[in-house]
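Next up, coords_24.pdb (PDB, C-alpha atoms):
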```pdb
ATOM      1  CA  MET X 245     -20.171  -1.418   0.496
ATOM      2  CA  ALA X 246     -17.554  -4.045  -0.297
ATOM      3  CA  LEU X 247     -14.547  -4.418   1.958
ATOM      4  CA  LYS X 248     -11.261  -3.567   0.330
ATOM      5  CA  ASP X 249      -8.348  -5.939   0.648
ATOM      6  CA  TYR X 250      -5.072  -4.050   0.996
ATOM      7  CA  SER X 251      -1.741  -5.778   0.559
ATOM      8  CA  ASP X 252       0.532  -6.246   3.545
ATOM      9  CA  GLU X 253       3.100  -4.068   1.793
ATOM     10  CA  PHE X 254       0.618  -1.201   1.423
ATOM     11  CA  LYS X 255      -0.338  -1.513   5.091
ATOM     12  CA  ALA X 256       3.316  -1.472   6.146
ATOM     13  CA  ASP X 257       3.993   1.564   3.951
ATOM     14  CA  ALA X 258       0.989   3.408   5.375
ATOM     15  CA  VAL X 259       2.095   2.678   8.950
ATOM     16  CA  ALA X 260       5.659   3.747   8.125
ATOM     17  CA  LEU X 261       4.371   6.997   6.633
ATOM     18  CA  TYR X 262       2.313   7.722   9.749
ATOM     19  CA  GLU X 263       5.163   6.835  12.115
ATOM     20  CA  SER X 264       7.758   8.868  10.215
ATOM     21  CA  THR X 265       5.684  12.026   9.959
ATOM     22  CA  PRO X 266       6.004  14.280  13.006
ATOM     23  CA  GLY X 267       2.711  15.831  14.006
ATOM     24  CA  ALA X 268       0.774  13.533  11.685
ATOM     25  CA  THR X 269      -2.819  12.669  12.381
ATOM     26  CA  TYR X 270      -4.639   9.535  11.345
ATOM     27  CA  LYS X 271      -7.101  11.716   9.464
ATOM     28  CA  SER X 272      -4.477  13.554   7.397
ATOM     29  CA  ILE X 273      -2.457  10.474   6.447
ATOM     30  CA  ALA X 274      -5.597   8.433   5.713
ATOM     31  CA  ALA X 275      -6.932  11.215   3.485
ATOM     32  CA  ASP X 276      -3.613  11.357   1.621
ATOM     33  CA  LEU X 277      -3.740   7.599   0.994
ATOM     34  CA  GLY X 278      -7.469   7.421   0.264
ATOM     35  CA  ILE X 279      -8.284   5.057   3.124
ATOM     36  CA  ASN X 280     -10.507   5.232   6.182
ATOM     37  CA  ARG X 281      -9.051   6.888   9.309
ATOM     38  CA  ALA X 282     -10.141   3.999  11.528
ATOM     39  CA  THR X 283      -8.492   1.513   9.180
ATOM     40  CA  LEU X 284      -5.151   3.325   9.391
ATOM     41  CA  ARG X 285      -5.471   3.578  13.170
ATOM     42  CA  GLU X 286      -6.084  -0.170  13.419
ATOM     43  CA  TRP X 287      -3.024  -0.911  11.271
ATOM     44  CA  VAL X 288      -0.832   1.366  13.390
ATOM     45  CA  LEU X 289      -2.067  -0.140  16.657
ATOM     46  CA  ARG X 290      -1.560  -3.689  15.361
ATOM     47  CA  ASP X 291       1.960  -2.816  14.229
ATOM     48  CA  ARG X 292       2.780  -1.293  17.607
ATOM     49  CA  ASP X 293       1.418  -4.380  19.382
ATOM     50  CA  ARG X 294       3.494  -6.608  17.126
ATOM     51  CA  ARG X 295       6.634  -4.598  17.892
ATOM     52  CA  GLY X 296       5.770  -4.286  21.586
ATOM     53  CA  VAL X 297       5.800  -0.483  21.467
ATOM     54  CA  ALA X 298       3.540   1.523  23.757
ATOM     55  CA  ALA X 299       1.084   3.766  21.957
ATOM     56  CA  ALA X 300       2.440   7.278  21.643
ATOM     57  CA  THR X 301       0.096  10.151  22.311
ATOM     58  CA  PRO X 302      -0.292  12.170  19.120
ATOM     59  CA  SER X 303       0.591  15.791  19.559
ATOM     60  CA  ALA X 304      -2.105  18.373  19.125
ATOM     61  CA  GLY X 305       0.089  20.309  16.716
ATOM     62  CA  GLY X 306      -0.777  23.575  18.372
ATOM     63  CA  THR X 307       2.795  24.663  18.951
ATOM     64  CA  PRO X 308       4.205  26.484  15.958
ATOM     65  CA  THR X 309       7.661  25.521  14.835
ATOM     66  CA  ALA X 310      10.363  28.094  14.311
ATOM     67  CA  ARG X 311      10.855  29.081  10.684
ATOM     68  CA  ALA X 312      14.267  29.930   9.290
ATOM     69  CA  GLY X 313      13.177  33.416   8.277
ATOM     70  CA  GLN X 314      11.708  34.305  11.650
ATOM     71  CA  THR X 315      13.945  35.717  14.344
ATOM     72  CA  THR X 316      13.254  37.696  17.449
ATOM     73  CA  SER X 317      15.230  40.799  18.334
ATOM     74  CA  SER X 318      16.592  39.156  21.509
ATOM     75  CA  ALA X 319      17.625  35.917  19.780
ATOM     76  CA  GLY X 320      21.328  35.267  20.151
ATOM     77  CA  PRO X 321      23.501  33.035  18.003
ATOM     78  CA  ASP X 322      22.666  29.951  20.095
ATOM     79  CA  GLU X 323      18.936  30.522  19.687
ATOM     80  CA  ARG X 324      19.377  31.095  15.953
ATOM     81  CA  ILE X 325      21.270  27.791  15.674
ATOM     82  CA  ARG X 326      18.467  25.991  17.523
ATOM     83  CA  GLN X 327      15.902  27.536  15.180
ATOM     84  CA  LEU X 328      17.857  26.461  12.131
ATOM     85  CA  GLN X 329      18.338  22.943  13.497
ATOM     86  CA  ALA X 330      14.591  22.696  14.116
ATOM     87  CA  ARG X 331      13.929  23.863  10.556
ATOM     88  CA  VAL X 332      16.381  21.312   9.132
ATOM     89  CA  ALA X 333      14.676  18.539  11.132
ATOM     90  CA  GLU X 334      11.280  19.701   9.854
ATOM     91  CA  LEU X 335      12.476  19.700   6.249
ATOM     92  CA  GLU X 336      14.087  16.268   6.610
ATOM     93  CA  ALA X 337      10.834  14.866   8.014
ATOM     94  CA  SER X 338       8.915  16.417   5.129
ATOM     95  CA  GLU X 339      11.349  14.896   2.657
ATOM     96  CA  ARG X 340      10.920  11.441   4.234
ATOM     97  CA  LYS X 341       7.138  11.781   4.038
ATOM     98  CA  LEU X 342       7.245  12.819   0.388
ATOM     99  CA  ALA X 343       9.624   9.985  -0.494
ATOM    100  CA  THR X 344       7.340   7.455   1.195
ATOM    101  CA  GLU X 345       4.279   8.856  -0.569
ATOM    102  CA  ARG X 346       6.119   8.751  -3.889
ATOM    103  CA  ASP X 347       7.063   5.104  -3.331
ATOM    104  CA  ILE X 348       3.478   4.196  -2.447
ATOM    105  CA  LEU X 349       2.200   5.922  -5.586
ATOM    106  CA  ARG X 350       4.791   4.169  -7.756
ATOM    107  CA  LYS X 351       3.748   0.786  -6.371
ATOM    108  CA  ALA X 352       0.077   1.615  -6.889
ATOM    109  CA  ALA X 353       0.711   2.719 -10.472
ATOM    110  CA  LYS X 354       2.624  -0.478 -11.173
ATOM    111  CA  TYR X 355      -0.171  -2.563  -9.624
ATOM    112  CA  PHE X 356      -2.940  -0.869 -11.576
ATOM    113  CA  ALA X 357      -0.945  -0.926 -14.813
ATOM    114  CA  GLY X 358      -0.697  -4.697 -14.437
ATOM    115  CA  GLU X 359      -4.473  -5.031 -13.967
ATOM    116  CA  THR X 360      -5.433  -3.322 -17.215
ATOM    117  CA  ASN X 361      -5.987  -6.046 -19.783
ATOM    118  CA  TRP X 362      -8.107  -4.209 -22.308
TER     119      TRP X 362
END
```
The structure in this file should be written as structure tokens.
Amino acid sequence: MALKDYSDEFKADAVALYESTPGATYKSIAADLGINRATLREWVLRDRDRRGVAAATPSAGGTPTARAGQTTSSAGPDERIRQLQARVAELEASERKLATERDILRKAAKYFAGETNW
């Protein structure tokens, strides 16, 4: 199998997508981008070394987040506000992920459109 040569921009975008997605796993992001999990992991670790950032332990994702429509009978106004703030943060993170994915796909489409010389 031939080795693929990814551009530095694609690598940076992939790392940014992984870093900006809370609860992301190498496997899920790599599958979304169509690359190998180990390749993404290597890029992230290299980027962290370059920036001098200690490796963060990925969360297991086993703790469910509060949804806006879910309330408990004993939840007071302060708890409701915390739930809504958590939901807003979750939606903002999702929006950032989708925007990054959209940008990566736009760049890929532009790249492949330039390669077609039929």
(request) Please write the residues picked by the PyMOL selection byres ((chain X and resi 266) around 10) on this file as a ChimeraX atom specification. (result) /X:261-265,267-269,302-303,305,333-334,337-338,341
(message) I'd like the neighbourhood of Ala256 (chain X) as a PyMOL selection string, where a residue qualifies if any of its atoms comes within 12 Å (using only C-alpha atoms), though same-chain residues fewer than 5 positions away should be ignored.
(response) chain X and resi 250-251+261-264+284+286-292+344+348
Output check: residues returned by the PyMOL selection byres ((chain X and resi 352) around 12), as a PDB file with C-alpha atoms, keeping the file's coordinate frame:
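Listed below is the output, part38.pdb:
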```
ATOM      1  CA  TYR X 250      -5.072  -4.050   0.996  1.00  0.00           C
ATOM      2  CA  SER X 251      -1.741  -5.778   0.559  1.00  0.00           C
ATOM      3  CA  GLU X 253       3.100  -4.068   1.793  1.00  0.00           C
ATOM      4  CA  PHE X 254       0.618  -1.201   1.423  1.00  0.00           C
ATOM      5  CA  ASP X 257       3.993   1.564   3.951  1.00  0.00           C
ATOM      6  CA  LEU X 277      -3.740   7.599   0.994  1.00  0.00           C
ATOM      7  CA  GLY X 278      -7.469   7.421   0.264  1.00  0.00           C
ATOM      8  CA  GLU X 345       4.279   8.856  -0.569  1.00  0.00           C
ATOM      9  CA  ARG X 346       6.119   8.751  -3.889  1.00  0.00           C
ATOM     10  CA  ASP X 347       7.063   5.104  -3.331  1.00  0.00           C
ATOM     11  CA  ILE X 348       3.478   4.196  -2.447  1.00  0.00           C
ATOM     12  CA  LEU X 349       2.200   5.922  -5.586  1.00  0.00           C
ATOM     13  CA  ARG X 350       4.791   4.169  -7.756  1.00  0.00           C
ATOM     14  CA  LYS X 351       3.748   0.786  -6.371  1.00  0.00           C
ATOM     15  CA  ALA X 353       0.711   2.719 -10.472  1.00  0.00           C
ATOM     16  CA  LYS X 354       2.624  -0.478 -11.173  1.00  0.00           C
ATOM     17  CA  TYR X 355      -0.171  -2.563  -9.624  1.00  0.00           C
ATOM     18  CA  PHE X 356      -2.940  -0.869 -11.576  1.00  0.00           C
ATOM     19  CA  ALA X 357      -0.945  -0.926 -14.813  1.00  0.00           C
ATOM     20  CA  GLY X 358      -0.697  -4.697 -14.437  1.00  0.00           C
ATOM     21  CA  GLU X 359      -4.473  -5.031 -13.967  1.00  0.00           C
TER      22      GLU X 359
END
```
(request) State, in Å with one decimal place, the distance from CA of Thr283 (chain X) to CA of Lys255 (chain X). (result)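 That distance, rounded to one decimal, is 9.6 Å.
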(request) Take CA of Arg281 (chain X) and CA of Leu247 (chain X) and report the distance between them in Å, one decimal. (result)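 Answer for the CA of Arg281 (chain X) to CA of Leu247 (chain X) separation: 14.6 Å.
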Axis-aligned box over every listed atom of region 343-359 of chain X, padded by 8 Å per side: centre and edges in Å to one decimal, as JSON?
```
{"center_x": 2.6, "center_y": 2.5, "center_z": -6.8, "size_x": 30.1, "size_y": 31.0, "size_z": 32.0}
```
(message) Please compute the CA of Asp293 (chain X)-CA of Asp276 (chain X) distance, one decimal, in Å.
(response)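 Computing the Euclidean distance for CA of Asp293 (chain X) and CA of Asp276 (chain X) yields 24.3 Å.
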Kindly add N, CA and C atoms to the incomplete region 277-298 of chain X and provide the output as a tab-separated table (two decimals), in the frame of the given file.
```tsv
chain	number	residue	atom	x	y	z
X	277	LEU	N	-3.83	8.93	1.59
X	277	LEU	CA	-3.74	7.60	0.99
X	277	LEU	C	-5.08	7.10	0.45
X	278	GLY	N	-6.16	7.82	0.75
X	278	GLY	CA	-7.47	7.42	0.26
X	278	GLY	C	-8.06	6.23	1.02
X	279	ILE	N	-7.75	6.14	2.31
X	279	ILE	CA	-8.28	5.06	3.12
X	279	ILE	C	-9.04	5.65	4.30
X	280	ASN	N	-9.74	4.80	5.02
X	280	ASN	CA	-10.51	5.23	6.18
X	280	ASN	C	-9.57	5.50	7.36
X	281	ARG	N	-9.87	6.53	8.15
X	281	ARG	CA	-9.05	6.89	9.31
X	281	ARG	C	-8.98	5.74	10.31
X	282	ALA	N	-10.10	5.10	10.56
X	282	ALA	CA	-10.14	4.00	11.53
X	282	ALA	C	-9.31	2.81	11.05
X	283	THR	N	-9.29	2.60	9.74
X	283	THR	CA	-8.49	1.51	9.18
X	283	THR	C	-7.01	1.76	9.43
X	284	LEU	N	-6.55	2.98	9.15
X	284	LEU	CA	-5.15	3.32	9.39
X	284	LEU	C	-4.81	3.19	10.87
X	285	ARG	N	-5.70	3.66	11.72
X	285	ARG	CA	-5.47	3.58	13.17
X	285	ARG	C	-5.31	2.12	13.61
X	286	GLU	N	-6.16	1.25	13.08
X	286	GLU	CA	-6.08	-0.17	13.42
X	286	GLU	C	-4.75	-0.76	12.97
X	287	TRP	N	-4.31	-0.41	11.76
X	287	TRP	CA	-3.02	-0.91	11.27
X	287	TRP	C	-1.87	-0.46	12.16
X	288	VAL	N	-1.90	0.82	12.55
X	288	VAL	CA	-0.83	1.37	13.39
X	288	VAL	C	-0.82	0.67	14.74
X	289	LEU	N	-2.00	0.51	15.35
X	289	LEU	CA	-2.07	-0.14	16.66
X	289	LEU	C	-1.62	-1.59	16.59
X	290	ARG	N	-2.01	-2.30	15.53
X	290	ARG	CA	-1.56	-3.69	15.36
X	290	ARG	C	-0.05	-3.76	15.21
X	291	ASP	N	0.52	-2.83	14.43
X	291	ASP	CA	1.96	-2.82	14.23
X	291	ASP	C	2.70	-2.54	15.54
X	292	ARG	N	2.16	-1.61	16.32
X	292	ARG	CA	2.78	-1.29	17.61
X	292	ARG	C	2.69	-2.48	18.56
X	293	ASP	N	1.55	-3.18	18.55
X	293	ASP	CA	1.42	-4.38	19.38
X	293	ASP	C	2.43	-5.44	18.96
X	294	ARG	N	2.56	-5.61	17.66
X	294	ARG	CA	3.49	-6.61	17.13
X	294	ARG	C	4.92	-6.30	17.54
X	295	ARG	N	5.28	-5.01	17.52
X	295	ARG	CA	6.63	-4.60	17.89
X	295	ARG	C	6.80	-4.45	19.39
X	296	GLY	N	5.70	-4.46	20.14
X	296	GLY	CA	5.77	-4.29	21.59
X	296	GLY	C	6.04	-2.86	22.00
X	297	VAL	N	5.59	-1.91	21.20
X	297	VAL	CA	5.80	-0.48	21.47
X	297	VAL	C	4.53	0.08	22.08
X	298	ALA	N	4.70	0.87	23.14
X	298	ALA	CA	3.54	1.52	23.76
X	298	ALA	C	3.01	2.58	22.81
```
